[in-house]
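Data block below; observations after.
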Amino acid sequence: MTLRGKLDDPEFVFRFSSVSPYTPTMPASRAERPKEEQQRTGGTDAGVPSTVAQPGQCLSYAPAAVTLVGALTSKTFPGRPNYESVEKGDEPETYWILNIAQPICTNQSQDGSHEAAHDVSALQLLFTKPEMYQSYRSMLDTNVKVTGYLFSAETAHHHTPVMLQVASMESAQVP
């Protein structure tokens, strides 16, 4: 019943005819959103309509955009082969984390693919283009405002229950 046991002696074997990267689809502009959603989500950031997190309000997963403010840090997690300990030989995997002062909650997605989450105060960030890391690197260890799309953790490389796919990021003051 361990991860290692499942890798050495799996209960199921899958054969894939093709594999491709997963990228959630997102409307590129405000004009592509229904009018009701434009009114509900309010402000924009880089052309992306978003909901700004309010205390006690649960946020929705993609395709709804959200804006969160917090401290941007990096953290190293153990990776392959066992996802247990870098010191014991697992590959180090370093990811960027948004630490928010006021924990959020999420609503279960309508299709049930993302579960509701509560007391979320750290979100692993996902960038869709490698150059985004370079563009935003100077913001590490500072306070930032991030607009993007929430989704739930799906793989062993996802280290927070709720992830945030970044559409834009800028420096911010945290009260």
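We name chains A, B, ... following the order of the structure tokens; residues begin at 1 in each chain, and ligands are numbered from 1 as shown.
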
Hey, which bits of range 66-90 of chain A sit within 12 Å of range 104-122 of chain A, and for each residue what's the closest pair of atoms and how far apart in Å (one decimal), counting only C-alpha atoms, rows by chain and increasing number, as CSV?
```
residue,atom,partner,partner_atom,distance
A:Val66,CA,A:Thr106,CA,11.0
A:Thr67,CA,A:Ile104,CA,11.6
A:Leu68,CA,A:Ile104,CA,9.5
A:Val69,CA,A:Ser121,CA,10.8
A:Gly70,CA,A:Ala122,CA,9.0
A:Ala71,CA,A:Ala122,CA,9.4
A:Leu72,CA,A:Ala122,CA,9.8
A:Thr73,CA,A:Ala122,CA,10.0
A:Ser74,CA,A:Ala122,CA,11.3
A:Lys75,CA,A:Ala122,CA,11.2
```

Okay, now the selection with N, CA and C atoms, as an mmCIF file, in the first residue's frame?
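Result written to result.cif:
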```
data_model
loop_
_atom_site.group_PDB
_atom_site.id
_atom_site.type_symbol
_atom_site.label_atom_id
_atom_site.label_comp_id
_atom_site.auth_asym_id
_atom_site.auth_seq_id
_atom_site.Cartn_x
_atom_site.Cartn_y
_atom_site.Cartn_z
ATOM 1 N N VAL A 66 -9.240 34.708 -11.039
ATOM 2 C CA VAL A 66 -9.191 35.281 -9.694
ATOM 3 C C VAL A 66 -7.945 36.138 -9.558
ATOM 4 N N THR A 67 -7.965 37.052 -8.589
ATOM 5 C CA THR A 67 -6.785 37.850 -8.257
ATOM 6 C C THR A 67 -6.498 37.675 -6.776
ATOM 7 N N LEU A 68 -5.258 37.297 -6.459
ATOM 8 C CA LEU A 68 -4.837 37.080 -5.077
ATOM 9 C C LEU A 68 -3.574 37.882 -4.805
ATOM 10 N N VAL A 69 -3.426 38.329 -3.563
ATOM 11 C CA VAL A 69 -2.248 39.080 -3.150
ATOM 12 C C VAL A 69 -1.556 38.306 -2.037
ATOM 13 N N GLY A 70 -0.224 38.212 -2.137
ATOM 14 C CA GLY A 70 0.525 37.501 -1.110
ATOM 15 C C GLY A 70 2.014 37.576 -1.348
ATOM 16 N N ALA A 71 2.751 36.811 -0.543
ATOM 17 C CA ALA A 71 4.211 36.768 -0.626
ATOM 18 C C ALA A 71 4.625 35.656 -1.583
ATOM 19 N N LEU A 72 5.479 35.994 -2.541
ATOM 20 C CA LEU A 72 5.972 35.030 -3.522
ATOM 21 C C LEU A 72 7.289 34.443 -3.023
ATOM 22 N N THR A 73 7.306 33.129 -2.838
ATOM 23 C CA THR A 73 8.511 32.439 -2.378
ATOM 24 C C THR A 73 8.780 31.246 -3.288
ATOM 25 N N SER A 74 9.939 30.636 -3.121
ATOM 26 C CA SER A 74 10.213 29.378 -3.814
ATOM 27 C C SER A 74 10.428 28.309 -2.753
ATOM 28 N N LYS A 75 10.100 27.082 -3.107
ATOM 29 C CA LYS A 75 10.246 25.974 -2.158
ATOM 30 C C LYS A 75 10.645 24.734 -2.935
#
```

Find the nearest atom pair between each residue of range 47-157 of chain A and range 167-171 of chain A for residues within 12 Å, count only C-alpha atoms, give distances in Å to one decimal, sort rows by chain and ascending number, and present the table as a tab-separated table.
```
residue	atom	partner	partner_atom	distance
A:Gly47	CA	A:Ser168	CA	9.6
A:Val48	CA	A:Ala167	CA	7.7
A:Pro49	CA	A:Ala167	CA	10.7
A:Ser50	CA	A:Ala167	CA	10.5
A:Ala62	CA	A:Ala167	CA	11.8
A:Pro63	CA	A:Ala167	CA	12.0
A:Ala64	CA	A:Ala167	CA	11.9
A:Ala65	CA	A:Ala167	CA	8.8
A:Val66	CA	A:Ala167	CA	9.8
A:Thr67	CA	A:Ser168	CA	9.3
A:Leu68	CA	A:Met169	CA	9.7
A:Val69	CA	A:Ser171	CA	9.2
A:Gly70	CA	A:Ser171	CA	9.8
A:Ala71	CA	A:Ser171	CA	9.9
A:Leu72	CA	A:Ser171	CA	9.9
A:Leu98	CA	A:Met169	CA	11.0
A:Leu125	CA	A:Ala167	CA	10.4
A:Leu126	CA	A:Ala167	CA	9.4
A:Phe127	CA	A:Ala167	CA	8.0
A:Thr128	CA	A:Ala167	CA	8.5
A:Lys129	CA	A:Ala167	CA	10.3
A:Met132	CA	A:Ser168	CA	9.2
A:Tyr133	CA	A:Met169	CA	10.9
A:Ser135	CA	A:Met169	CA	9.7
A:Tyr136	CA	A:Met169	CA	7.5
A:Arg137	CA	A:Met169	CA	10.9
A:Ser138	CA	A:Ser171	CA	9.9
A:Met139	CA	A:Ser171	CA	7.0
A:Leu140	CA	A:Ser171	CA	10.1
A:Asp141	CA	A:Ser171	CA	10.8
A:Thr142	CA	A:Ser171	CA	7.5
A:Asn143	CA	A:Ser171	CA	6.1
A:Val144	CA	A:Ser171	CA	4.4
A:Lys145	CA	A:Glu170	CA	5.4
A:Val146	CA	A:Met169	CA	4.5
A:Thr147	CA	A:Ser168	CA	5.3
A:Gly148	CA	A:Ala167	CA	4.7
A:Tyr149	CA	A:Ala167	CA	7.6
A:Leu150	CA	A:Ala167	CA	10.9
```

Find the spatial neighbours of Phe77 in chain A, counting only C-alpha atoms, within a cut-off of 8 Å - ignore same-chain residues fewer than 5 positions away - and output them as a PDB file with N, CA and C atoms, in the first residue's frame.
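Here's the written file part_36.pdb:
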```pdb
ATOM      1  N   TYR A  83       9.440  10.644  -4.262  1.00  0.00           N
ATOM      2  CA  TYR A  83       8.701  11.811  -3.771  1.00  0.00           C
ATOM      3  C   TYR A  83       8.659  11.853  -2.242  1.00  0.00           C
ATOM      4  N   SER A  85      12.146  12.233  -0.093  1.00  0.00           N
ATOM      5  CA  SER A  85      13.249  12.937   0.549  1.00  0.00           C
ATOM      6  C   SER A  85      14.374  13.233  -0.442  1.00  0.00           C
ATOM      7  N   VAL A  86      14.716  14.520  -0.557  1.00  0.00           N
ATOM      8  CA  VAL A  86      15.856  14.904  -1.396  1.00  0.00           C
ATOM      9  C   VAL A  86      17.129  14.333  -0.793  1.00  0.00           C
ATOM     10  N   PRO A  92      15.420  16.997  -6.558  1.00  0.00           N
ATOM     11  CA  PRO A  92      14.782  18.213  -6.025  1.00  0.00           C
ATOM     12  C   PRO A  92      13.922  18.876  -7.098  1.00  0.00           C
ATOM     13  N   GLU A  93      12.732  19.303  -6.724  1.00  0.00           N
ATOM     14  CA  GLU A  93      11.830  20.037  -7.609  1.00  0.00           C
ATOM     15  C   GLU A  93      11.504  21.357  -6.925  1.00  0.00           C
ATOM     16  N   THR A  94      11.926  22.460  -7.515  1.00  0.00           N
ATOM     17  CA  THR A  94      11.687  23.769  -6.921  1.00  0.00           C
ATOM     18  C   THR A  94      10.530  24.452  -7.643  1.00  0.00           C
ATOM     19  N   TYR A  95       9.555  24.902  -6.855  1.00  0.00           N
ATOM     20  CA  TYR A  95       8.374  25.567  -7.392  1.00  0.00           C
ATOM     21  C   TYR A  95       8.168  26.887  -6.670  1.00  0.00           C
ATOM     22  N   HIS A 159       2.076  20.328  -5.341  1.00  0.00           N
ATOM     23  CA  HIS A 159       2.380  20.223  -3.917  1.00  0.00           C
ATOM     24  C   HIS A 159       1.469  21.027  -3.005  1.00  0.00           C
TER      25      HIS A 159
END
```

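Look at Ala153 in chain A: the protein and nucleic acid residues within 10 Å of it, using only C-alpha atoms and passing over chain neighbours fewer than 2 places away, are A:His114, A:Glu115, A:Leu123, A:Gln124, A:Leu150, A:Phe151, A:Thr155, A:Ala156, A:His157, A:His158, A:His159, A:Thr160, A:Pro161, A:Val162, A:Met163, A:Leu164.
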
Go ahead and write the residues just picked, N, CA and C atoms, as an mmCIF file, in the first residue's frame.
```
data_model
loop_
_atom_site.group_PDB
_atom_site.id
_atom_site.type_symbol
_atom_site.label_atom_id
_atom_site.label_comp_id
_atom_site.auth_asym_id
_atom_site.auth_seq_id
_atom_site.Cartn_x
_atom_site.Cartn_y
_atom_site.Cartn_z
ATOM 1 N N HIS A 114 -13.049 19.300 -9.901
ATOM 2 C CA HIS A 114 -12.258 19.958 -8.851
ATOM 3 C C HIS A 114 -13.088 20.012 -7.578
ATOM 4 N N GLU A 115 -12.535 19.493 -6.483
ATOM 5 C CA GLU A 115 -13.256 19.445 -5.217
ATOM 6 C C GLU A 115 -13.152 20.765 -4.472
ATOM 7 N N LEU A 123 -0.488 28.530 -2.437
ATOM 8 C CA LEU A 123 -0.842 28.008 -3.756
ATOM 9 C C LEU A 123 0.416 27.888 -4.599
ATOM 10 N N GLN A 124 0.634 26.717 -5.158
ATOM 11 C CA GLN A 124 1.738 26.535 -6.090
ATOM 12 C C GLN A 124 1.362 27.231 -7.388
ATOM 13 N N LEU A 150 -7.621 29.057 -10.968
ATOM 14 C CA LEU A 150 -7.446 28.025 -9.955
ATOM 15 C C LEU A 150 -7.759 26.651 -10.528
ATOM 16 N N PHE A 151 -7.001 25.648 -10.090
ATOM 17 C CA PHE A 151 -7.350 24.264 -10.370
ATOM 18 C C PHE A 151 -6.792 23.415 -9.245
ATOM 19 N N THR A 155 -1.307 15.804 -9.880
ATOM 20 C CA THR A 155 -0.166 14.900 -10.041
ATOM 21 C C THR A 155 0.749 14.988 -8.827
ATOM 22 N N ALA A 156 1.746 14.117 -8.794
ATOM 23 C CA ALA A 156 2.727 14.129 -7.709
ATOM 24 C C ALA A 156 3.593 15.388 -7.744
ATOM 25 N N HIS A 157 3.567 16.123 -8.857
ATOM 26 C CA HIS A 157 4.333 17.362 -8.974
ATOM 27 C C HIS A 157 3.546 18.563 -8.461
ATOM 28 N N HIS A 158 2.324 18.364 -8.079
ATOM 29 C CA HIS A 158 1.487 19.433 -7.518
ATOM 30 C C HIS A 158 1.548 19.313 -5.999
ATOM 31 N N HIS A 159 2.076 20.328 -5.341
ATOM 32 C CA HIS A 159 2.380 20.223 -3.917
ATOM 33 C C HIS A 159 1.469 21.027 -3.005
ATOM 34 N N THR A 160 0.484 21.698 -3.548
ATOM 35 C CA THR A 160 -0.534 22.363 -2.740
ATOM 36 C C THR A 160 -1.890 21.870 -3.250
ATOM 37 N N PRO A 161 -2.897 21.799 -2.387
ATOM 38 C CA PRO A 161 -4.188 21.260 -2.826
ATOM 39 C C PRO A 161 -4.828 22.076 -3.943
ATOM 40 N N VAL A 162 -4.587 23.379 -3.946
ATOM 41 C CA VAL A 162 -5.113 24.257 -4.989
ATOM 42 C C VAL A 162 -3.931 24.938 -5.663
ATOM 43 N N MET A 163 -3.942 24.939 -6.989
ATOM 44 C CA MET A 163 -2.872 25.527 -7.788
ATOM 45 C C MET A 163 -3.396 26.797 -8.447
ATOM 46 N N LEU A 164 -2.482 27.674 -8.864
ATOM 47 C CA LEU A 164 -2.866 28.909 -9.541
ATOM 48 C C LEU A 164 -2.066 29.037 -10.827
#
```
